[in-house]
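Here is the file run02.cif (mmCIF, C-alpha atoms).
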```
data_model
#
loop_
_atom_site.label_atom_id
_atom_site.label_comp_id
_atom_site.auth_asym_id
_atom_site.auth_seq_id
_atom_site.Cartn_x
_atom_site.Cartn_y
_atom_site.Cartn_z
CA MET A 1 -2.38 28.79 3.73
CA PRO A 2 -3.47 25.35 5.05
CA ASP A 3 -4.50 27.05 8.32
CA LEU A 4 -6.56 29.64 6.43
CA TYR A 5 -8.29 26.89 4.50
CA LYS A 6 -8.98 24.73 7.53
CA ASN A 7 -10.45 27.64 9.46
CA ILE A 8 -13.21 28.06 6.87
CA ALA A 9 -15.38 25.13 7.87
CA PHE A 10 -18.08 25.59 5.29
CA LEU A 11 -15.57 25.11 2.47
CA ARG A 12 -15.51 21.42 3.38
CA ASP A 13 -19.15 21.17 2.32
CA LYS A 14 -19.97 20.74 -1.35
CA LYS A 15 -22.82 23.25 -1.37
CA GLY A 16 -20.76 25.72 0.63
CA VAL A 17 -17.93 25.54 -1.88
CA GLU A 18 -20.22 25.95 -4.86
CA PHE A 19 -22.10 28.86 -3.26
CA PHE A 20 -18.92 30.65 -2.18
CA PHE A 21 -17.18 30.27 -5.54
CA GLY A 22 -20.29 31.27 -7.47
CA LEU A 23 -20.87 34.36 -5.35
CA CYS A 24 -17.27 35.55 -5.51
CA TYR A 25 -16.93 34.85 -9.21
CA SER A 26 -20.07 36.87 -9.98
CA LYS A 27 -18.73 39.78 -7.95
CA ILE A 28 -15.34 39.59 -9.63
CA THR A 29 -16.85 39.65 -13.09
CA SER A 30 -19.18 42.51 -12.12
CA GLY A 31 -16.28 44.54 -10.75
CA ILE A 32 -17.70 44.77 -7.21
CA LEU A 33 -14.68 43.20 -5.52
CA THR A 34 -11.52 45.22 -5.14
CA LYS A 35 -8.15 44.08 -6.43
CA LEU A 36 -7.24 42.95 -2.90
CA HIS A 37 -10.46 40.94 -2.64
CA ARG A 38 -9.75 39.29 -5.96
CA MET A 39 -6.28 38.32 -4.82
CA SER A 40 -7.67 36.84 -1.59
CA PHE A 41 -10.25 34.89 -3.54
CA PHE A 42 -7.67 33.34 -5.82
CA ILE A 43 -5.52 32.45 -2.80
CA LEU A 44 -8.50 30.66 -1.27
CA ILE A 45 -9.11 28.75 -4.49
CA THR A 46 -5.47 27.66 -4.55
CA ALA A 47 -5.65 26.51 -0.92
CA CYS A 48 -8.81 24.51 -1.57
CA ILE A 49 -7.39 22.88 -4.67
CA ARG A 50 -4.10 21.96 -3.01
CA HIS A 51 -5.88 20.44 -0.04
CA GLY A 52 -8.38 18.41 -1.99
CA THR A 53 -11.64 20.28 -1.38
CA GLY A 54 -14.44 18.58 -3.26
CA ARG A 55 -12.51 15.61 -4.57
CA SER A 56 -13.90 13.25 -1.95
CA HIS A 57 -17.44 14.62 -2.32
CA GLY A 58 -17.91 13.23 -5.81
CA PHE A 59 -17.70 16.50 -7.74
CA THR A 60 -14.97 18.30 -9.60
CA LEU A 61 -13.46 21.62 -8.59
CA LYS A 62 -12.91 23.71 -11.70
CA PHE A 63 -10.49 26.50 -12.46
CA PHE A 64 -11.61 29.42 -14.54
CA GLY A 65 -11.52 28.35 -18.16
CA GLY A 66 -12.73 24.84 -17.30
CA ASP A 67 -9.41 23.25 -16.34
CA ARG A 68 -9.74 20.51 -13.73
CA MET A 69 -7.48 18.67 -11.36
CA LYS A 70 -6.89 15.30 -13.01
CA LEU A 71 -5.05 12.10 -12.21
CA GLY A 72 -3.17 10.46 -15.07
CA ILE A 73 -2.12 6.84 -14.64
CA LEU A 74 0.98 5.45 -16.32
CA GLY A 75 0.76 1.68 -16.47
CA ALA A 76 -2.35 -0.43 -16.94
CA GLY A 77 -1.55 -3.52 -14.92
CA LYS A 78 -3.23 -4.77 -11.76
CA ALA A 79 -2.21 -1.79 -9.62
CA GLY A 80 -3.21 0.72 -12.30
CA PHE A 81 -6.61 -0.89 -12.75
CA ALA A 82 -7.30 -1.08 -9.02
CA LEU A 83 -6.15 2.41 -8.03
CA GLY A 84 -7.84 4.10 -10.98
CA LYS A 85 -11.16 2.41 -10.25
CA TYR A 86 -10.86 3.09 -6.52
CA PHE A 87 -10.14 6.79 -6.87
CA GLY A 88 -12.58 7.26 -9.73
CA GLU A 89 -15.44 5.79 -7.71
CA ARG A 90 -14.68 8.34 -5.00
CA GLY A 91 -15.05 11.33 -7.26
CA ILE A 92 -11.41 11.94 -8.09
CA PRO A 93 -11.24 12.97 -11.77
CA LEU A 94 -9.19 10.62 -13.93
CA ALA A 95 -7.49 11.97 -17.04
CA GLY A 96 -6.94 8.40 -18.17
CA TYR A 97 -4.27 5.82 -18.92
CA PHE A 98 -1.09 5.48 -20.90
CA SER A 99 0.67 2.14 -21.24
CA ARG A 100 3.25 0.57 -23.52
CA SER A 101 0.43 -1.88 -24.26
CA PRO A 102 -2.34 0.10 -26.01
CA HIS A 103 -4.74 -2.80 -25.46
CA SER A 104 -4.18 -2.70 -21.69
CA ALA A 105 -4.62 1.08 -21.59
CA ALA A 106 -7.86 0.82 -23.56
CA GLU A 107 -9.13 -1.91 -21.24
CA ALA A 108 -8.26 0.11 -18.12
CA ALA A 109 -9.87 3.25 -19.54
CA ALA A 110 -13.07 1.34 -20.29
CA PHE A 111 -13.04 -0.22 -16.81
CA THR A 112 -12.74 3.17 -15.10
CA GLY A 113 -14.80 5.25 -17.50
CA SER A 114 -11.79 7.39 -18.40
CA LYS A 115 -9.65 7.86 -21.51
CA GLN A 116 -6.85 6.03 -23.26
CA TYR A 117 -3.84 8.09 -24.31
CA LEU A 118 -1.65 6.87 -27.13
CA THR A 119 1.38 8.97 -26.22
CA LEU A 120 3.10 9.88 -22.98
CA GLU A 121 3.09 13.53 -23.98
CA GLU A 122 -0.71 13.58 -24.17
CA VAL A 123 -1.37 12.09 -20.74
CA VAL A 124 1.25 14.30 -19.08
CA LYS A 125 -0.30 17.41 -20.62
CA ALA A 126 -3.82 16.36 -19.55
CA SER A 127 -2.88 15.59 -15.93
CA ASP A 128 -1.66 17.56 -12.96
CA THR A 129 -0.88 14.44 -10.91
CA LEU A 130 0.85 11.49 -12.55
CA LEU A 131 0.55 8.10 -10.87
CA ILE A 132 3.16 5.61 -12.09
CA THR A 133 1.96 2.05 -11.48
CA THR A 134 4.52 0.20 -13.60
CA PRO A 135 6.87 -2.50 -12.23
CA ASP A 136 9.75 -1.09 -10.18
CA GLY A 137 12.34 -1.71 -12.88
CA GLU A 138 10.49 0.51 -15.35
CA ILE A 139 10.02 3.59 -13.15
CA SER A 140 13.42 5.14 -13.85
CA HIS A 141 13.01 4.52 -17.58
CA ILE A 142 9.63 6.24 -17.77
CA TRP A 143 11.01 9.08 -15.65
CA ASP A 144 13.78 9.57 -18.22
CA ARG A 145 11.05 10.23 -20.77
CA ILE A 146 8.81 12.34 -18.54
CA LYS A 147 11.57 14.74 -17.54
CA GLN A 148 11.97 15.75 -21.17
CA LEU A 149 8.45 17.21 -21.03
CA SER A 150 6.93 20.25 -19.35
CA ILE A 151 5.96 19.13 -15.84
CA GLN A 152 6.15 22.32 -13.80
CA ASN A 153 3.84 22.29 -10.75
CA LYS A 154 2.82 18.69 -11.38
CA ILE A 155 2.94 15.90 -8.79
CA LEU A 156 4.80 12.76 -9.84
CA CYS A 157 3.98 9.75 -7.70
CA HIS A 158 5.08 6.15 -8.15
CA CYS A 159 3.55 3.16 -6.39
CA SER A 160 6.63 1.09 -5.58
CA GLY A 161 6.83 -0.29 -2.08
CA SER A 162 10.63 -0.51 -2.04
CA LEU A 163 11.77 2.53 -4.06
CA SER A 164 11.66 6.06 -2.72
CA SER A 165 10.87 9.29 -4.55
CA ALA A 166 14.63 9.73 -5.04
CA VAL A 167 14.18 7.76 -8.26
CA PHE A 168 12.91 11.04 -9.75
CA SER A 169 16.41 12.48 -9.92
CA GLY A 170 16.67 16.14 -10.86
CA ILE A 171 12.95 16.79 -10.51
CA GLU A 172 13.41 19.88 -8.32
CA ALA A 173 15.02 21.76 -11.20
CA LEU A 174 11.95 21.05 -13.31
CA GLY A 175 9.56 22.58 -10.79
CA ALA A 176 7.62 19.37 -10.09
CA PHE A 177 6.98 17.56 -6.81
CA PRO A 178 7.95 13.89 -6.26
CA CYS A 179 6.50 11.29 -3.91
CA SER A 180 5.72 7.60 -3.59
CA MET A 181 2.44 6.03 -2.50
CA HIS A 182 2.00 2.37 -1.64
CA PRO A 183 -1.06 0.41 -0.52
CA LEU A 184 -0.37 -2.44 1.90
CA LEU A 185 -2.38 -4.89 -0.15
CA ALA A 186 -1.59 -7.96 -2.23
CA ILE A 187 -3.22 -7.03 -5.55
CA SER A 188 -3.88 -10.26 -7.43
CA ASP A 189 -7.18 -9.56 -9.21
CA LYS A 190 -7.20 -6.39 -11.28
CA LEU A 191 -10.99 -6.39 -11.60
CA ARG A 192 -11.78 -6.81 -7.89
CA ALA A 193 -8.85 -5.36 -5.98
CA HIS A 194 -10.38 -1.86 -5.93
CA GLU A 195 -12.98 -3.21 -3.50
CA GLN A 196 -10.23 -4.35 -1.13
CA LEU A 197 -8.46 -0.97 -1.32
CA ALA A 198 -11.24 0.49 0.81
CA HIS A 199 -9.73 -1.40 3.77
CA SER A 200 -6.07 -0.89 2.85
CA PHE A 201 -3.41 0.99 4.79
CA PHE A 202 -1.36 3.39 2.62
CA THR A 203 2.11 4.82 3.07
CA LEU A 204 3.42 8.03 1.55
CA GLU A 205 6.93 9.41 1.21
CA GLY A 206 8.47 12.35 -0.59
CA ASP A 207 8.22 16.11 -1.06
CA PRO A 208 5.74 17.56 1.48
CA ARG A 209 4.12 19.56 -1.32
CA ALA A 210 3.16 16.28 -2.97
CA VAL A 211 2.57 14.25 0.18
CA ALA A 212 0.16 16.70 1.86
CA PRO A 213 -2.60 16.72 -0.80
CA LEU A 214 -2.34 12.97 -1.40
CA LYS A 215 -2.50 12.29 2.33
CA GLU A 216 -5.67 14.34 2.64
CA LEU A 217 -7.10 12.64 -0.43
CA LEU A 218 -6.53 9.19 1.11
CA ILE A 219 -7.91 10.24 4.48
CA ARG A 220 -11.06 11.52 2.81
CA CYS A 221 -11.34 8.19 1.01
CA GLY A 222 -11.35 6.58 4.46
CA ASN A 223 -7.88 5.02 4.34
CA PRO A 224 -5.40 5.07 7.23
CA VAL A 225 -2.13 6.67 6.10
CA ARG A 226 1.42 6.81 7.43
CA VAL A 227 4.10 9.14 6.06
CA ILE A 228 7.50 7.45 6.20
CA ARG A 229 11.08 8.50 5.44
CA ALA A 230 12.82 7.67 2.17
CA GLN A 231 15.52 5.67 3.96
CA ASP A 232 12.87 3.48 5.58
CA LYS A 233 11.37 2.22 2.32
CA PRO A 234 13.48 -1.00 2.12
CA SER A 235 12.62 -1.98 5.72
CA TYR A 236 8.98 -1.10 5.18
CA HIS A 237 8.77 -3.20 2.03
CA ALA A 238 10.62 -6.10 3.65
CA ALA A 239 7.97 -6.08 6.38
CA ALA A 240 5.23 -6.18 3.76
CA CYS A 241 6.90 -9.09 1.95
CA ILE A 242 7.38 -11.08 5.16
CA ALA A 243 3.70 -10.67 6.06
CA SER A 244 2.52 -11.45 2.54
CA ASN A 245 4.82 -13.21 0.08
CA LEU A 246 6.83 -15.21 2.60
CA VAL A 247 3.65 -16.58 4.18
CA VAL A 248 3.09 -18.29 0.84
CA ALA A 249 6.50 -19.95 1.19
CA LEU A 250 5.60 -21.13 4.70
CA ALA A 251 2.31 -22.56 3.45
CA GLN A 252 4.16 -24.38 0.67
CA THR A 253 6.67 -25.82 3.15
CA ALA A 254 3.86 -27.06 5.38
CA ALA A 255 2.00 -28.54 2.41
CA GLU A 256 5.13 -30.41 1.28
CA LEU A 257 5.51 -31.95 4.75
CA LEU A 258 1.88 -33.07 4.66
CA SER A 259 2.40 -34.59 1.21
CA GLY A 260 5.01 -36.83 2.85
CA CYS A 261 2.26 -37.98 5.19
CA GLY A 262 0.03 -39.02 2.29
CA PHE A 263 -1.89 -35.79 1.62
CA SER A 264 -2.54 -34.64 -1.92
CA GLU A 265 -1.73 -30.99 -2.67
CA ALA A 266 -5.42 -30.06 -2.61
CA GLU A 267 -5.97 -31.94 0.66
CA ALA A 268 -2.96 -30.25 2.23
CA ILE A 269 -4.24 -26.76 1.39
CA GLU A 270 -7.73 -27.67 2.58
CA ALA A 271 -6.34 -29.01 5.85
CA LEU A 272 -4.11 -25.98 6.46
CA ALA A 273 -6.66 -23.32 5.50
CA PRO A 274 -8.51 -23.12 8.85
CA LEU A 275 -5.20 -23.05 10.73
CA LEU A 276 -3.83 -20.24 8.56
CA THR A 277 -6.95 -18.09 8.52
CA GLN A 278 -7.69 -18.46 12.23
CA ASN A 279 -4.10 -17.61 13.12
CA VAL A 280 -4.32 -14.36 11.13
CA LYS A 281 -7.64 -13.53 12.80
CA ASN A 282 -6.12 -14.16 16.22
CA ILE A 283 -3.15 -11.91 15.46
CA CYS A 284 -5.47 -9.12 14.34
CA SER A 285 -7.77 -9.54 17.34
CA HIS A 286 -5.33 -10.35 20.14
CA GLY A 287 -1.91 -9.20 18.96
CA VAL A 288 1.16 -11.31 18.22
CA ALA A 289 1.75 -12.57 21.76
CA GLY A 290 -1.92 -13.28 22.34
CA ALA A 291 -2.12 -15.35 19.15
CA LEU A 292 0.94 -17.52 19.86
CA THR A 293 0.26 -21.21 20.53
CA GLY A 294 2.23 -24.40 19.95
CA PRO A 295 5.38 -26.04 21.34
CA VAL A 296 7.52 -22.89 21.66
CA GLU A 297 4.75 -21.13 23.59
CA ARG A 298 4.45 -24.20 25.86
CA GLY A 299 8.21 -24.62 26.23
CA ASP A 300 7.91 -28.16 24.83
CA SER A 301 11.53 -29.07 24.02
CA GLN A 302 10.76 -32.73 23.32
CA THR A 303 8.26 -31.97 20.55
CA ILE A 304 10.55 -29.37 18.99
CA ALA A 305 13.44 -31.85 19.03
CA SER A 306 11.29 -34.40 17.18
CA HIS A 307 10.43 -31.79 14.56
CA LEU A 308 14.07 -30.87 14.03
CA ALA A 309 15.00 -34.55 13.71
CA CYS A 310 12.65 -35.14 10.79
CA LEU A 311 13.47 -31.94 8.92
CA GLU A 312 16.45 -31.50 6.63
CA GLY A 313 18.43 -28.73 4.99
CA ASP A 314 16.67 -25.42 4.45
CA ASP A 315 13.43 -26.60 6.04
CA ARG A 316 15.23 -27.46 9.25
CA GLU A 317 17.06 -24.13 9.30
CA LEU A 318 13.83 -22.27 8.59
CA TYR A 319 12.10 -24.03 11.48
CA ARG A 320 15.01 -23.26 13.79
CA LEU A 321 15.21 -19.58 12.86
CA LEU A 322 11.49 -18.92 13.14
CA SER A 323 11.19 -20.83 16.41
CA THR A 324 14.07 -18.78 17.81
CA LYS A 325 12.17 -15.66 16.78
CA LEU A 326 9.19 -16.93 18.79
CA LEU A 327 11.16 -17.37 22.03
CA PRO A 328 11.03 -13.73 23.22
CA ILE A 329 7.33 -13.60 22.33
CA ALA A 330 6.68 -16.70 24.44
CA ARG A 331 8.62 -15.14 27.32
CA THR A 332 6.26 -12.18 27.38
CA LYS A 333 3.47 -14.66 28.09
CA HIS A 334 5.50 -16.65 30.63
CA PRO A 335 7.96 -14.16 32.17
CA GLY A 336 9.04 -16.46 34.99
CA ARG A 337 9.76 -19.52 32.87
CA LYS A 338 13.33 -20.54 32.06
CA ASP A 339 13.83 -21.77 28.49
CA THR A 340 17.53 -22.59 28.68
CA ALA A 341 17.18 -26.12 27.28
CA LEU A 342 14.86 -24.96 24.52
CA GLN A 343 17.18 -22.12 23.56
CA LYS A 344 20.18 -24.48 23.39
CA LEU A 345 18.15 -26.86 21.27
CA LEU A 346 17.24 -24.14 18.79
CA GLU A 347 20.83 -22.88 18.74
CA GLY A 348 21.96 -26.38 17.77
CA THR A 349 23.75 -27.18 21.03
CA GLY A 350 21.08 -29.45 22.52
CA ASN A 351 20.07 -33.06 21.90
CA GLU A 352 18.08 -33.39 18.66
CA LYS A 353 18.26 -37.17 18.22
CA HIS A 354 14.59 -37.96 18.50
CA SER A 355 12.50 -39.95 16.05
CA CYS A 356 10.11 -38.04 13.83
CA ASP A 357 6.68 -38.35 15.40
CA ILE A 358 4.83 -35.80 13.25
CA CYS A 359 3.02 -38.37 11.14
CA THR A 360 2.58 -40.96 13.91
CA GLY A 361 0.52 -38.69 16.12
CA LYS A 362 2.97 -38.78 19.07
CA ALA A 363 4.13 -35.19 18.74
CA GLY A 364 2.56 -32.41 20.78
CA THR A 365 -0.60 -30.99 19.26
CA GLU A 366 -0.80 -27.54 17.79
#
```

The structure in this file should be written as structure tokens.
Amino acid sequence: MPDLYKNIAFLRDKKGVEFFFGLCYSKITSGILTKLHRMSFFILITACIRHGTGRSHGFTLKFFGGDRMKLGILGAGKAGFALGKYFGERGIPLAGYFSRSPHSAAEAAAFTGSKQYLTLEEVVKASDTLLITTPDGEISHIWDRIKQLSIQNKILCHCSGSLSSAVFSGIEALGAFPCSMHPLLAISDKLRAHEQLAHSFFTLEGDPRAVAPLKELLIRCGNPVRVIRAQDKPSYHAAACIASNLVVALAQTAAELLSGCGFSEAEAIEALAPLLTQNVKNICSHGVAGALTGPVERGDSQTIASHLACLEGDDRELYRLLSTKLLPIARTKHPGRKDTALQKLLEGTGNEKHSCDICTGKAGTE
């Protein structure tokens, strides 16, 4: 059926869809079409609905009787706000919000121009796709409630980065389709994050019958998408945390070292900001190897030894581990260089007894 749908090019155009449906519906009601024609028409409608025709064009595809494809959002936190606003602005019909906090659901509904539901039963009944945006620890609990309801032919999608669709245990027997969808974006502002989602990479995982329409929906919204395996979710989410959350820890570690050199917290962040932002820009523009600078890239054992000498405990181990991680990257830039002394130093078998020159200006420059 996807091939049949994709071969009808004009169905991708809003006016073409409306004209085709209007013409066929008038002929069906007038009795002109045969039973076989009617069956073919309904098959085409099903194909278009399943593959998202019209949802990215800012209009709603209707079933006979007025029923519409609708997205119901469970959870009215930052992710729920952002995703609802993002999809709603792109013409995807929102049924509305349900949350354990009625105030939050009302606020999210007002923000997105949708509806607040006071019970889980109501939002499930009104939606054909349920997007669960609650914290990870609550997903299984809300699923325990949802599976007591009628959910046949509905898509259930959670937005956890680390959990897979396997959290919806027993869903196959209920005739519904599970998946997970995760935007690679640090959502910190619930009122502005929808603007950033336009540039976000999404991952999907789960039942192909749920993944396929959501993938096409995201592509039509302009987002790059990757479908991953359920068993890869922990590694995928670890990568996201390293690139996002753990960078905050590195910035804090650097700021604490600068505070020992007389910087206030505000001054430390101000001083580090250009270094942090330019490094990210360089990685995005030139790749990891192309962005690498500093003592490991230069093979500067003396400077690294001075750094290790003035660091203690976890900070020292962190520096050692991350510098060791940089060694193979540096070798791609300098394939003929031997880093035996530097490697021994980072492994803890070299001479580290150097004075700390970081704050005296004698260490190698970044």

Would you kindly return, as a list in words, each protein, DNA or RNA residue with an atom no farther than 7 Å from any atom of Asp207 (chain A), considering only C-alpha atoms and excluding same-chain residues fewer than 4 positions away?
Phe177, Pro178, Cys179 and Val211 of chain A

Which residues, written as a list in words, have at least one atom at most 9 Å from Ala230 (chain A), with all atoms listed in the file counted and residues fewer than 4 positions away on the same chain left out?
Leu163, Ser164, Ser165, Ala166, Glu205, Gly206 and Pro234 of chain A

Go ahead and compute the interatomic distance for CA of Gly113 (chain A) and CA of Arg192 (chain A), in Å to one decimal.
15.7 Å

For a test of reading the model, state the distance in Å between CA of Lys233 (chain A) and CA of Gly91 (chain A), rounded to one decimal.
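Those two atoms sit 29.5 Å apart.
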
Which residue of A:Thr253, A:Leu346, A:Ala240, A:Gln302 approaches Asp314 (chain A) most closely, using all atoms listed in the file
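When distances to Asp314 (chain A) are compared using all atoms listed in the file, the smallest one comes from A:Thr253.
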
To test your reading of the syntax: which residues would the PyMOL selection byres ((chain A and resi 142) around 12) return for the file shown? Reply as a ChimeraX atom specification.
/A:74-75,98-100,120-121,124,130-141,143-149,156,158,167-168
